[in-house]
>>> print(open('coords_19.txt').read())   # compact mmCIF, C-alpha atoms
# COMPACT_ATOMS: atom_id res chain seq x y z
CA MET A 1 -63.08 -23.95 -5.84
CA ALA A 2 -65.00 -26.73 -7.58
CA THR A 3 -65.93 -24.52 -10.55
CA ILE A 4 -62.40 -23.12 -10.76
CA SER A 5 -61.05 -26.68 -10.75
CA ASP A 6 -63.41 -27.72 -13.56
CA ASN A 7 -62.52 -24.65 -15.63
CA ILE A 8 -58.77 -25.25 -15.31
CA ALA A 9 -59.13 -28.99 -16.00
CA ASN A 10 -61.02 -28.19 -19.23
CA SER A 11 -58.80 -25.34 -20.41
CA SER A 12 -57.79 -27.46 -23.42
CA THR A 13 -61.20 -29.02 -24.07
CA PHE A 14 -62.63 -27.89 -27.42
CA GLY A 15 -65.99 -26.17 -27.05
CA TYR A 16 -65.90 -26.03 -23.24
CA LYS A 17 -67.81 -23.12 -21.71
CA ARG A 18 -66.47 -21.84 -18.40
CA VAL A 19 -68.64 -21.81 -15.27
CA GLU A 20 -68.96 -18.73 -13.09
CA THR A 21 -69.89 -18.87 -9.40
CA ASP A 22 -71.44 -15.84 -7.71
CA PHE A 23 -71.83 -15.32 -3.96
CA HIS A 24 -74.94 -13.68 -2.51
CA SER A 25 -75.39 -12.49 1.05
CA MET A 26 -78.18 -13.99 3.12
CA VAL A 27 -79.92 -11.44 5.33
CA THR A 28 -81.94 -12.93 8.19
CA THR A 29 -83.21 -9.64 9.65
CA SER A 30 -84.18 -6.34 8.13
CA SER A 31 -84.71 -4.28 11.30
CA GLY A 32 -82.15 -2.38 13.35
CA GLY A 33 -80.74 -3.55 16.60
CA ALA A 34 -78.68 -6.63 17.24
CA TYR A 35 -76.85 -7.97 14.22
CA SER A 36 -77.54 -11.57 13.21
CA ALA A 37 -75.10 -13.28 10.88
CA GLY A 38 -76.82 -14.76 7.85
CA GLY A 39 -73.90 -16.08 5.79
CA VAL A 40 -73.77 -16.48 2.02
CA ARG A 41 -75.18 -18.67 -0.69
CA THR A 42 -73.76 -19.48 -4.14
CA THR A 43 -75.17 -19.77 -7.64
CA SER A 44 -73.29 -21.17 -10.64
CA GLN A 45 -73.94 -20.44 -14.29
CA ARG A 46 -72.31 -21.82 -17.44
CA MET A 47 -71.46 -18.97 -19.81
CA ILE A 48 -72.61 -20.64 -23.03
CA ASP A 49 -72.91 -17.37 -24.97
CA GLN A 50 -69.17 -16.73 -24.61
CA ARG A 51 -67.12 -17.76 -27.65
CA GLY A 52 -63.65 -19.20 -27.69
CA SER A 53 -61.06 -18.49 -30.35
CA LEU A 54 -61.00 -20.68 -33.47
CA VAL A 55 -58.04 -22.86 -34.37
CA SER A 56 -57.47 -24.33 -37.81
CA THR A 57 -57.34 -28.07 -38.51
CA ASN A 58 -56.76 -30.28 -41.56
CA ASN A 59 -60.16 -32.00 -41.54
CA SER A 60 -62.86 -30.51 -43.78
CA THR A 61 -65.62 -31.67 -41.43
CA ASP A 62 -64.17 -30.07 -38.33
CA LEU A 63 -66.80 -27.39 -37.76
CA ALA A 64 -67.12 -24.32 -35.58
CA VAL A 65 -69.65 -21.49 -35.39
CA ARG A 66 -68.24 -18.00 -35.83
CA GLY A 67 -70.76 -15.80 -34.05
CA ARG A 68 -74.18 -16.59 -32.69
CA GLY A 69 -75.87 -19.96 -33.23
CA MET A 70 -75.28 -23.63 -32.45
CA LEU A 71 -74.93 -26.88 -34.40
CA PRO A 72 -77.75 -29.47 -34.21
CA VAL A 73 -76.46 -32.89 -33.16
CA MET A 74 -77.82 -36.13 -31.76
CA ARG A 75 -76.40 -39.18 -30.03
CA SER A 76 -75.31 -41.98 -32.36
CA SER A 77 -77.02 -44.53 -30.10
CA GLN A 78 -80.38 -43.10 -31.16
CA ILE A 79 -79.92 -43.79 -34.89
CA ALA A 80 -81.07 -47.41 -34.66
CA SER A 81 -84.11 -46.51 -32.56
CA GLY A 82 -85.15 -43.69 -34.88
CA THR A 83 -85.38 -41.21 -31.99
CA ASN A 84 -83.89 -37.98 -33.29
CA GLU A 85 -83.60 -35.94 -30.09
CA MET A 86 -81.83 -32.73 -31.05
CA LEU A 87 -78.94 -31.53 -28.89
CA LEU A 88 -76.82 -28.45 -29.48
CA ALA A 89 -73.06 -27.89 -29.74
CA THR A 90 -70.84 -25.02 -30.81
CA THR A 91 -68.08 -27.11 -32.38
CA GLY A 92 -67.28 -30.67 -33.33
CA SER A 93 -64.82 -32.88 -35.17
CA PHE A 94 -66.94 -35.10 -37.41
CA ARG A 95 -65.78 -38.03 -39.52
CA THR A 96 -67.67 -40.73 -41.38
CA ASN A 97 -68.21 -44.01 -39.56
CA GLU A 98 -68.76 -47.44 -41.12
CA GLN A 99 -72.32 -46.46 -42.12
CA GLY A 100 -71.34 -43.11 -43.61
CA TYR A 101 -72.72 -40.97 -40.76
CA LEU A 102 -70.72 -37.90 -39.71
CA VAL A 103 -69.89 -38.77 -36.09
CA SER A 104 -67.60 -37.11 -33.53
CA GLN A 105 -65.28 -39.01 -31.20
CA SER A 106 -67.76 -38.52 -28.38
CA GLY A 107 -70.53 -40.23 -30.38
CA LEU A 108 -72.41 -37.16 -31.60
CA VAL A 109 -73.95 -37.25 -35.08
CA LEU A 110 -74.29 -34.06 -37.10
CA MET A 111 -77.85 -33.29 -38.23
CA GLY A 112 -79.12 -31.40 -41.26
CA TRP A 113 -81.70 -31.13 -44.01
CA PRO A 114 -81.20 -33.51 -46.97
CA ALA A 115 -81.07 -31.93 -50.41
CA GLN A 116 -83.27 -33.06 -53.27
CA SER A 117 -81.85 -34.66 -56.41
CA ASP A 118 -81.31 -31.26 -58.04
CA GLY A 119 -79.43 -29.94 -55.00
CA SER A 120 -82.24 -27.71 -53.72
CA ILE A 121 -83.28 -27.74 -50.06
CA PRO A 122 -87.03 -28.34 -49.49
CA ASN A 123 -89.06 -25.80 -47.55
CA LEU A 124 -89.19 -27.30 -44.05
CA PRO A 125 -90.49 -25.88 -40.74
CA ARG A 126 -87.90 -23.83 -38.87
CA ASP A 127 -89.39 -23.93 -35.37
CA THR A 128 -89.04 -27.68 -34.95
CA SER A 129 -86.37 -30.31 -35.47
CA ALA A 130 -88.80 -32.68 -37.21
CA GLY A 131 -87.17 -32.18 -40.64
CA LEU A 132 -83.61 -32.79 -39.43
CA VAL A 133 -81.97 -36.15 -40.14
CA PRO A 134 -78.49 -37.52 -39.40
CA VAL A 135 -76.02 -36.48 -42.09
CA GLN A 136 -75.07 -39.63 -44.00
CA LEU A 137 -72.68 -39.67 -46.96
CA SER A 138 -72.38 -42.41 -49.58
CA VAL A 139 -68.59 -42.57 -49.43
CA ASN A 140 -66.96 -44.98 -51.92
CA GLN A 141 -70.32 -45.66 -53.58
CA LEU A 142 -71.07 -45.00 -57.24
CA SER A 143 -73.38 -42.11 -58.02
CA GLY A 144 -74.67 -40.40 -61.14
CA SER A 145 -77.53 -38.21 -62.31
CA PRO A 146 -79.26 -37.86 -65.70
CA THR A 147 -79.18 -34.70 -67.80
CA THR A 148 -82.52 -32.91 -67.84
CA GLN A 149 -81.50 -29.42 -68.96
CA MET A 150 -78.85 -27.84 -71.21
CA ASN A 151 -77.98 -24.31 -72.34
CA LEU A 152 -76.75 -23.61 -75.87
CA ARG A 153 -74.87 -20.38 -76.55
CA MET A 154 -73.24 -20.02 -79.98
CA ASN A 155 -72.64 -17.58 -82.78
CA LEU A 156 -73.71 -18.42 -86.33
CA PRO A 157 -71.93 -16.80 -89.31
CA ALA A 158 -74.08 -14.05 -90.80
CA THR A 159 -72.38 -14.47 -94.19
CA ALA A 160 -73.73 -18.03 -94.49
CA THR A 161 -77.26 -16.68 -95.16
CA ASP A 162 -76.16 -14.29 -97.94
CA ALA A 163 -77.07 -14.94 -101.56
CA GLY A 164 -74.36 -16.95 -103.30
CA SER A 165 -72.93 -18.53 -100.12
CA PRO A 166 -72.21 -22.29 -100.26
CA GLY A 167 -74.83 -23.05 -97.57
CA ASP A 168 -72.56 -25.29 -95.53
CA THR A 169 -74.20 -27.02 -92.55
CA GLN A 170 -72.68 -26.26 -89.15
CA PRO A 171 -72.54 -29.44 -87.03
CA LEU A 172 -72.49 -29.50 -83.24
CA SER A 173 -72.51 -32.43 -80.82
CA VAL A 174 -73.51 -31.98 -77.16
CA GLU A 175 -72.89 -34.76 -74.66
CA TYR A 176 -75.48 -35.69 -72.05
CA TYR A 177 -75.98 -38.49 -69.51
CA ASP A 178 -78.91 -40.89 -69.67
CA ASN A 179 -80.81 -42.37 -66.74
CA LEU A 180 -78.13 -45.02 -66.20
CA GLY A 181 -75.26 -42.54 -66.28
CA LYS A 182 -74.13 -43.52 -69.78
CA SER A 183 -72.80 -40.88 -72.14
CA GLU A 184 -75.02 -40.02 -75.12
CA ASN A 185 -75.14 -37.08 -77.53
CA VAL A 186 -77.59 -34.62 -79.00
CA GLU A 187 -76.37 -34.12 -82.58
CA ILE A 188 -77.30 -30.66 -83.85
CA GLU A 189 -77.31 -29.57 -87.48
CA LEU A 190 -77.56 -25.85 -88.23
CA ILE A 191 -78.58 -25.38 -91.87
CA PRO A 192 -78.52 -21.85 -93.35
CA THR A 193 -81.27 -20.65 -95.69
CA VAL A 194 -79.55 -19.22 -98.80
CA PRO A 195 -81.80 -16.78 -100.74
CA ALA A 196 -81.60 -15.88 -104.41
CA THR A 197 -80.84 -12.28 -103.50
CA GLY A 198 -79.96 -10.38 -100.33
CA SER A 199 -79.73 -12.09 -96.92
CA SER A 200 -82.31 -14.37 -95.32
CA ASN A 201 -80.92 -14.31 -91.75
CA ALA A 202 -82.68 -17.65 -91.32
CA TRP A 203 -81.48 -21.07 -90.14
CA THR A 204 -82.97 -24.49 -89.59
CA MET A 205 -81.86 -26.30 -86.43
CA VAL A 206 -82.30 -30.09 -86.45
CA LEU A 207 -81.66 -32.11 -83.27
CA ARG A 208 -81.01 -35.87 -83.26
CA ASP A 209 -80.60 -38.23 -80.30
CA THR A 210 -77.88 -40.90 -80.48
CA ALA A 211 -79.66 -42.94 -77.79
CA SER A 212 -82.68 -43.13 -80.11
CA GLY A 213 -80.66 -44.36 -83.06
CA GLY A 214 -80.17 -40.86 -84.50
CA ALA A 215 -83.89 -40.11 -84.69
CA VAL A 216 -84.92 -36.47 -85.08
CA ILE A 217 -86.24 -35.19 -81.74
CA GLY A 218 -86.79 -31.58 -82.77
CA GLU A 219 -86.63 -29.16 -85.71
CA TYR A 220 -86.82 -25.38 -85.39
CA ASN A 221 -86.69 -22.44 -87.78
CA LEU A 222 -84.60 -19.56 -86.43
CA THR A 223 -84.60 -16.03 -87.78
CA PHE A 224 -82.29 -13.25 -86.63
CA ASP A 225 -82.74 -9.50 -86.38
CA ASP A 226 -80.68 -7.18 -88.57
CA ASN A 227 -81.69 -3.76 -87.23
CA ARG A 228 -79.29 -1.31 -85.63
CA THR A 229 -80.33 -1.77 -81.99
CA SER A 230 -80.62 -5.57 -81.73
CA GLY A 231 -78.81 -6.83 -84.80
CA GLY A 232 -77.67 -10.43 -84.59
CA THR A 233 -80.12 -11.52 -81.88
CA LEU A 234 -82.99 -13.95 -82.23
CA ALA A 235 -86.08 -12.45 -83.90
CA SER A 236 -88.31 -15.55 -83.93
CA VAL A 237 -88.26 -19.29 -83.26
CA THR A 238 -90.81 -21.58 -84.91
CA ALA A 239 -91.15 -25.24 -83.99
CA VAL A 240 -91.52 -27.68 -86.90
CA SER A 241 -91.32 -30.68 -84.57
CA GLY A 242 -90.54 -31.09 -80.89
CA GLY A 243 -91.83 -28.96 -78.04
CA ALA A 244 -92.96 -25.38 -78.60
CA TYR A 245 -90.52 -22.54 -77.98
CA ASP A 246 -91.30 -20.50 -74.86
CA PRO A 247 -90.25 -16.87 -75.45
CA ALA A 248 -90.54 -16.10 -71.72
CA THR A 249 -87.78 -18.55 -70.81
CA GLY A 250 -86.01 -18.98 -74.15
CA SER A 251 -86.41 -22.75 -73.92
CA PHE A 252 -88.12 -25.69 -75.59
CA VAL A 253 -88.51 -29.30 -74.49
CA VAL A 254 -87.53 -32.32 -76.58
CA ASN A 255 -87.86 -36.01 -75.74
CA VAL A 256 -84.66 -38.03 -75.72
CA ALA A 257 -84.67 -41.79 -75.10
CA GLY A 258 -84.61 -41.31 -71.32
CA GLY A 259 -87.35 -38.70 -71.09
CA PRO A 260 -87.93 -34.95 -71.58
CA MET A 261 -85.01 -32.54 -71.79
CA GLU A 262 -85.22 -28.75 -71.64
CA ILE A 263 -82.92 -26.90 -74.05
CA ASN A 264 -82.39 -23.17 -73.61
CA ILE A 265 -81.22 -21.13 -76.62
CA GLY A 266 -81.95 -17.65 -75.24
CA GLN A 267 -84.84 -15.21 -75.35
CA ILE A 268 -85.93 -13.09 -78.29
CA GLY A 269 -83.65 -10.06 -78.61
CA ASP A 270 -81.25 -11.35 -75.95
CA SER A 271 -77.60 -10.83 -76.86
CA ASN A 272 -76.66 -13.60 -74.42
CA GLY A 273 -78.55 -16.23 -76.45
CA ILE A 274 -77.79 -17.69 -79.87
CA THR A 275 -76.53 -14.91 -82.14
CA GLN A 276 -75.76 -14.42 -85.84
CA LEU A 277 -72.78 -12.12 -86.25
CA SER A 278 -69.73 -11.78 -88.49
CA ASP A 279 -68.51 -14.78 -90.49
CA THR A 280 -67.46 -17.22 -87.75
CA PHE A 281 -69.23 -20.21 -86.26
CA ALA A 282 -68.30 -20.35 -82.59
CA PRO A 283 -69.87 -22.38 -79.75
CA VAL A 284 -69.55 -19.79 -76.98
CA SER A 285 -70.91 -21.66 -73.97
CA ILE A 286 -72.54 -25.06 -73.68
CA THR A 287 -73.60 -26.23 -70.23
CA ARG A 288 -75.86 -28.99 -68.94
CA ASP A 289 -76.77 -30.62 -65.65
CA GLY A 290 -76.34 -34.28 -64.78
CA ALA A 291 -73.19 -36.22 -64.06
CA ALA A 292 -71.49 -39.40 -65.14
CA VAL A 293 -71.28 -42.31 -62.73
CA SER A 294 -68.44 -41.56 -60.33
CA THR A 295 -67.20 -42.13 -56.79
CA MET A 296 -67.31 -39.60 -53.97
CA THR A 297 -63.80 -38.56 -52.98
CA SER A 298 -64.31 -35.78 -50.42
CA VAL A 299 -66.85 -33.59 -48.71
CA GLU A 300 -66.75 -29.95 -47.63
CA VAL A 301 -69.05 -27.55 -45.77
CA ASP A 302 -69.26 -23.90 -46.83
CA GLU A 303 -69.95 -20.84 -44.67
CA ASN A 304 -73.71 -21.06 -45.33
CA GLY A 305 -73.87 -24.62 -43.99
CA TYR A 306 -74.23 -26.36 -47.37
CA VAL A 307 -72.56 -29.77 -47.51
CA TYR A 308 -71.00 -30.51 -50.91
CA ALA A 309 -69.85 -33.92 -52.09
CA PHE A 310 -66.98 -34.00 -54.59
CA TYR A 311 -66.60 -36.86 -57.08
CA ASP A 312 -63.66 -38.20 -59.05
CA SER A 313 -65.31 -37.07 -62.28
CA GLY A 314 -64.66 -33.48 -61.21
CA VAL A 315 -68.28 -32.58 -60.44
CA SER A 316 -69.71 -31.59 -57.06
CA ARG A 317 -73.21 -31.86 -55.67
CA ARG A 318 -75.02 -30.29 -52.74
CA VAL A 319 -76.24 -33.09 -50.48
CA PHE A 320 -77.19 -31.47 -47.13
CA GLN A 321 -77.67 -28.15 -45.39
CA ILE A 322 -76.63 -27.66 -41.77
CA PRO A 323 -78.79 -25.00 -40.06
CA LEU A 324 -77.74 -22.96 -37.03
CA VAL A 325 -80.01 -23.03 -34.00
CA ASP A 326 -80.58 -19.79 -32.10
CA LEU A 327 -82.35 -19.20 -28.79
CA PRO A 328 -83.20 -16.03 -26.82
CA ASN A 329 -81.17 -17.12 -23.77
CA PRO A 330 -78.31 -19.53 -24.59
CA ASN A 331 -77.13 -19.43 -20.96
CA GLY A 332 -80.46 -21.01 -19.96
CA LEU A 333 -79.68 -24.23 -21.85
CA THR A 334 -79.29 -27.45 -19.89
CA ALA A 335 -75.63 -28.52 -19.96
CA LEU A 336 -74.99 -32.18 -20.80
CA ASP A 337 -71.95 -34.38 -21.42
CA SER A 338 -69.48 -33.81 -24.27
CA GLN A 339 -70.07 -30.05 -24.50
CA THR A 340 -73.67 -30.53 -25.60
CA TYR A 341 -76.74 -28.66 -24.46
CA ALA A 342 -80.49 -29.21 -24.53
CA PRO A 343 -83.22 -26.56 -24.89
CA SER A 344 -85.06 -25.77 -21.67
CA ARG A 345 -87.80 -23.51 -20.39
CA ASP A 346 -85.19 -20.94 -19.35
CA SER A 347 -83.50 -20.88 -22.76
CA GLY A 348 -86.69 -20.00 -24.65
CA THR A 349 -87.97 -21.41 -27.93
CA TYR A 350 -85.44 -22.08 -30.67
CA PHE A 351 -85.43 -21.29 -34.39
CA LEU A 352 -83.43 -22.91 -37.18
CA TRP A 353 -81.66 -20.32 -39.36
CA ASP A 354 -79.60 -20.57 -42.50
CA ALA A 355 -76.01 -19.90 -41.44
CA GLY A 356 -75.23 -16.24 -41.98
CA ASP A 357 -78.90 -15.16 -41.96
CA GLY A 358 -80.77 -13.35 -39.22
CA PRO A 359 -78.88 -13.12 -35.92
CA THR A 360 -76.64 -16.12 -36.57
CA GLY A 361 -73.01 -16.15 -37.60
CA ASP A 362 -71.47 -18.33 -40.26
CA LEU A 363 -70.12 -21.86 -40.23
CA VAL A 364 -66.37 -22.41 -40.42
CA SER A 365 -64.93 -25.70 -41.67
CA PHE A 366 -61.36 -26.85 -41.04
CA ALA A 367 -61.71 -25.23 -37.58
CA ARG A 368 -62.47 -25.99 -33.92
CA GLU A 369 -63.51 -23.66 -31.11
CA GLU A 370 -61.18 -23.57 -28.13
CA SER A 371 -62.22 -23.54 -24.49
CA THR A 372 -63.35 -20.18 -23.09
CA THR A 373 -61.27 -20.76 -19.93
CA ASP A 374 -58.55 -18.17 -19.22
CA VAL A 375 -56.08 -20.04 -16.99
CA ALA A 376 -54.48 -16.83 -15.68
CA ASN A 377 -57.84 -15.48 -14.53
CA GLU A 378 -58.79 -18.82 -12.99
CA LEU A 379 -55.53 -18.99 -11.02
CA THR A 380 -56.11 -15.44 -9.81
CA ASP A 381 -59.62 -16.38 -8.70
CA MET A 382 -58.20 -19.44 -6.96
CA ILE A 383 -55.73 -17.32 -4.99
CA GLN A 384 -58.48 -14.89 -4.00
CA THR A 385 -60.74 -17.75 -2.95
CA GLN A 386 -57.95 -19.35 -0.93
CA ARG A 387 -57.22 -16.08 0.85
CA ALA A 388 -60.91 -15.53 1.58
CA TYR A 389 -61.10 -19.04 2.99
CA SER A 390 -58.02 -18.48 5.13
CA SER A 391 -59.46 -15.22 6.44
CA SER A 392 -62.76 -16.92 7.26
CA ALA A 393 -60.90 -19.70 9.03
CA LYS A 394 -59.00 -17.08 11.04
CA VAL A 395 -62.30 -15.52 12.08
CA ILE A 396 -63.58 -18.90 13.24
CA GLN A 397 -60.35 -19.48 15.16
CA THR A 398 -60.69 -16.08 16.86
CA VAL A 399 -64.30 -16.76 17.82
CA ASP A 400 -63.29 -20.16 19.17
CA GLU A 401 -60.60 -18.53 21.33
CA MET A 402 -63.12 -15.97 22.61
CA LEU A 403 -65.54 -18.72 23.57
CA GLN A 404 -62.70 -20.60 25.25
CA GLU A 405 -61.87 -17.52 27.30
CA THR A 406 -65.53 -17.24 28.27
CA THR A 407 -65.64 -20.84 29.51
CA ASN A 408 -62.44 -20.31 31.52
CA ILE A 409 -63.87 -17.40 33.51
CA LYS A 410 -64.29 -18.51 37.12
CA ARG A 411 -67.67 -18.05 38.63
>>> encode(input="coords_19.txt", output="structure tokens")
Amino acid sequence: MATISDNIANSSTFGYKRVETDFHSMVTTSSGGAYSAGGVRTTSQRMIDQRGSLVSTNNSTDLAVRGRGMLPVMRSSQIASGTNEMLLATTGSFRTNEQGYLVSQSGLVLMGWPAQSDGSIPNLPRDTSAGLVPVQLSVNQLSGSPTTQMNLRMNLPATATDAGSPGDTQPLSVEYYDNLGKSENVEIELIPTVPATGSSNAWTMVLRDTASGGAVIGEYNLTFDDNRTSGGTLASVTAVSGGAYDPATGSFVVNVAGGPMEINIGQIGDSNGITQLSDTFAPVSITRDGAAVSTMTSVEVDENGYVYAFYDSGVSRRVFQIPLVDLPNPNGLTALDSQTYAPSRDSGTYFLWDAGDGPTGDLVSFAREESTTDVANELTDMIQTQRAYSSSAKVIQTVDEMLQETTNIKR
């Protein structure tokens, strides 16, 4: 009755796992002859591996696990002491507190692996929680990152390198962000080589840095193929100044005022790099990393557990990864307050998986997991238990009456 009462009382508690009670007979004799009543004993087990249905919410950091696996959390009271004791939960409603930590109403802090400045997650041990830290977001704080790499994809007019063409320079300006988040530009001049006869299919690319007062940071001679199979693609790149061209990556490195910058123009013979076709100059695709100084406006968690911060400049950045913890026997976990659990000897050793990998399910944001209690089944069990108790009480009453009759027999 106690377990049934707890299950019904927590039928609306998010993440609650119902408790089952089993009865086992106690046999006090194994030989024939007179029967000796042994009675029963009970064992209770919390069914942690059972999953409740998911309900949608309007908070991006309401999280639930769809499938196998559990969220790593810790108590907020341990942040100041630096003791990161990992607990486990299957769902939680997390919001930032005054320090930017993602904390639930019951005082549980979400834990994860912090991303590096480029958004990559370092290679950390998966059989220990040593690499996990409380997820902390710099809400309403300014943030920016410098540009260290850019990709240039453009088409140069083939007619510009024909004999008799005017030899007009094609200008191009590409914005980048310096180490302080200020906007600067790499000014690019593409100068065709006009031959006396025929076509040269050759260009000179000069790069200047506005942060360095317009100084030349690189000059490269480009030639393009004109055969039938790879016509219009790069045939060779020769560095006059600046870093050497790497044909394996299609990149070279130049030094702007803030430091080195890698510029990718495509590999030799690659139609996805810089091309020379037709009679039109067209910047096809220009991308670069880095971001201007901006303020974080929101945060979201994807199905693989990656936490992305969104800024008012329109850019997003990966800041954390939330792993899913899996154990051989989830029902062997030690149940604690607030629908949290701790690993134990019965649960087996745990492993931290990327959400969606291995045996684990995926992570669902804007969702909470409901209680696994089925009220109808619990009420049915309660009626059966009450009837069993009434029947047992009737047996005791009958035995008492029999004993009373025995004592009333006159000697």
>>> residues_around(input="coords_19.txt", residues="A:Gly213", least_positions_apart="4", cutoff="12 Å", atoms="all atoms listed in the file", output="list in words")
Glu184, Asn185, Val186, Glu187, Arg208, Asp209, Ile217, Val256 and Ala257 of chain A
>>> write_last_selection(input="coords_19.txt", atoms="C-alpha atoms", output="PDB file, in the frame of the given file")
ATOM      1  CA  GLU A 184     -75.020 -40.020 -75.120  1.00  0.00           C
ATOM      2  CA  ASN A 185     -75.140 -37.080 -77.530  1.00  0.00           C
ATOM      3  CA  VAL A 186     -77.590 -34.620 -79.000  1.00  0.00           C
ATOM      4  CA  GLU A 187     -76.370 -34.120 -82.580  1.00  0.00           C
ATOM      5  CA  ARG A 208     -81.010 -35.870 -83.260  1.00  0.00           C
ATOM      6  CA  ASP A 209     -80.600 -38.230 -80.300  1.00  0.00           C
ATOM      7  CA  ILE A 217     -86.240 -35.190 -81.740  1.00  0.00           C
ATOM      8  CA  VAL A 256     -84.660 -38.030 -75.720  1.00  0.00           C
ATOM      9  CA  ALA A 257     -84.670 -41.790 -75.100  1.00  0.00           C
TER      10      ALA A 257
END
>>> atom_distance(input="coords_19.txt", atom1="atom CA of A:Asp302", atom2="atom CA of A:Val55")
16.8 Å
>>> atom_distance(input="coords_19.txt", atom1="atom CA of A:Pro125", atom2="atom CA of A:Asp49")
25.1 Å
>>> closest_residue(input="coords_19.txt", among="A:Ser271, A:Gln45, A:Ser294, A:Ser212", to="A:Ala235", atoms="all atoms listed in the file")
A:Ser271
>>> atom_distance(input="coords_19.txt", atom1="atom CA of A:Tyr101", atom2="atom CA of A:Leu137")
6.3 Å
>>> residues_around(input="coords_19.txt", residues="A:Leu132", least_positions_apart="6", cutoff="7 Å", atoms="all atoms listed in the file", output="ChimeraX atom specification")
/A:111-113
>>> residues_around(input="coords_19.txt", residues="A:Val299", least_positions_apart="3", cutoff="12 Å", atoms="all atoms listed in the file", output="JSON, numbers by chain")
{"A": [59, 60, 61, 62, 94, 95, 96, 100, 102, 135, 136, 137, 138, 139, 140, 295, 296, 302, 306, 307, 308, 309, 310, 311, 312, 315, 316, 317, 318, 319, 320, 365, 366]}
>>> closest_atom_pairs(input="coords_19.txt", of="stretch 66-177 of chain A", to="stretch 370-394 of chain A", cutoff="12 Å", atoms="all atoms listed in the file", output="Markdown table")
| residue | atom | partner | partner_atom | distance |
| --- | --- | --- | --- | --- |
| A:Arg66 | CA | A:Glu370 | CA | 11.8 |
| A:Thr90 | CA | A:Glu370 | CA | 10.1 |
| A:Thr91 | CA | A:Glu370 | CA | 8.8 |
| A:Gly92 | CA | A:Glu370 | CA | 10.7 |
>>> closest_residue(input="coords_19.txt", among="A:Ser338, A:Ser183, A:Thr83, A:Thr197", to="A:Pro134", atoms="only C-alpha atoms")
A:Thr83
>>> closest_residue(input="coords_19.txt", among="A:Leu352, A:Ile409, A:Ile191, A:Val237", to="A:Gly69", atoms="all atoms listed in the file")
A:Leu352
>>> closest_residue(input="coords_19.txt", among="A:Pro283, A:Gly181, A:Gly131, A:Gly52", to="A:Asn151", atoms="only C-alpha atoms")
A:Pro283
>>> residues_around(input="coords_19.txt", residues="A:Thr204", least_positions_apart="3", cutoff="6 Å", atoms="all atoms listed in the file", output="MDAnalysis selection string")
chainID A and resid 190:191 220:221
>>> write_last_selection(input="coords_19.txt", atoms="C-alpha atoms", output="compact mmCIF listing (two decimals), in the coordinates of the input")
# COMPACT_ATOMS: atom_id res chain seq x y z
CA LEU A 190 -77.56 -25.85 -88.23
CA ILE A 191 -78.58 -25.38 -91.87
CA TYR A 220 -86.82 -25.38 -85.39
CA ASN A 221 -86.69 -22.44 -87.78
>>> axis_aligned_box(input="coords_19.txt", around="stretch 306-315 of chain A", padding_each_side="3 Å", output="JSON")
{"center_x": -68.9, "center_y": -32.3, "center_z": -54.8, "size_x": 16.6, "size_y": 17.8, "size_z": 20.9}
>>> closest_residue(input="coords_19.txt", among="A:Gly356, A:Gly198, A:Gly15, A:Pro72", to="A:Arg51", atoms="all atoms listed in the file")
A:Gly15
>>> residues_around(input="coords_19.txt", residues="A:Pro247", least_positions_apart="4", cutoff="8 Å", atoms="all atoms listed in the file", output="ChimeraX atom specification")
/A:251,267-268
>>> closest_residue(input="coords_19.txt", among="A:Pro171, A:Gly144, A:Gly273, A:Pro359", to="A:Gly232", atoms="all atoms listed in the file")
A:Gly273
>>> residues_near_point(input="coords_19.txt", point="(-74.4, -6.4, -84.7)", cutoff="12 Å", atoms="only C-alpha atoms", output="PyMOL selection string")
chain A and resi 155+157-158+224-234+269+271+275-279
>>> decode(input="coords_19.txt", residues="stretch 271-276 of chain A", atoms="N, CA, C and O atoms", output="PDB file, in the first residue's frame")
ATOM      1  N   SER A 271      36.780  21.701 -59.737  1.00  0.00           N
ATOM      2  CA  SER A 271      35.768  22.603 -60.299  1.00  0.00           C
ATOM      3  C   SER A 271      35.033  23.397 -59.233  1.00  0.00           C
ATOM      4  O   SER A 271      34.297  24.339 -59.551  1.00  0.00           O
ATOM      5  N   ASN A 272      35.218  23.023 -57.973  1.00  0.00           N
ATOM      6  CA  ASN A 272      34.583  23.758 -56.877  1.00  0.00           C
ATOM      7  C   ASN A 272      35.475  24.874 -56.332  1.00  0.00           C
ATOM      8  O   ASN A 272      35.104  25.530 -55.357  1.00  0.00           O
ATOM      9  N   GLY A 273      36.658  25.062 -56.909  1.00  0.00           N
ATOM     10  CA  GLY A 273      37.530  26.151 -56.496  1.00  0.00           C
ATOM     11  C   GLY A 273      37.334  27.373 -57.377  1.00  0.00           C
ATOM     12  O   GLY A 273      36.289  27.559 -58.010  1.00  0.00           O
ATOM     13  N   ILE A 274      38.367  28.237 -57.435  1.00  0.00           N
ATOM     14  CA  ILE A 274      38.318  29.374 -58.353  1.00  0.00           C
ATOM     15  C   ILE A 274      38.365  28.845 -59.784  1.00  0.00           C
ATOM     16  O   ILE A 274      39.166  27.968 -60.108  1.00  0.00           O
ATOM     17  N   THR A 275      37.494  29.374 -60.628  1.00  0.00           N
ATOM     18  CA  THR A 275      37.428  28.921 -62.021  1.00  0.00           C
ATOM     19  C   THR A 275      37.589  30.108 -62.966  1.00  0.00           C
ATOM     20  O   THR A 275      37.446  31.277 -62.563  1.00  0.00           O
ATOM     21  N   GLN A 276      37.870  29.803 -64.240  1.00  0.00           N
ATOM     22  CA  GLN A 276      37.932  30.810 -65.296  1.00  0.00           C
ATOM     23  C   GLN A 276      37.078  30.298 -66.463  1.00  0.00           C
ATOM     24  O   GLN A 276      37.509  29.462 -67.251  1.00  0.00           O
TER      25      GLN A 276
END
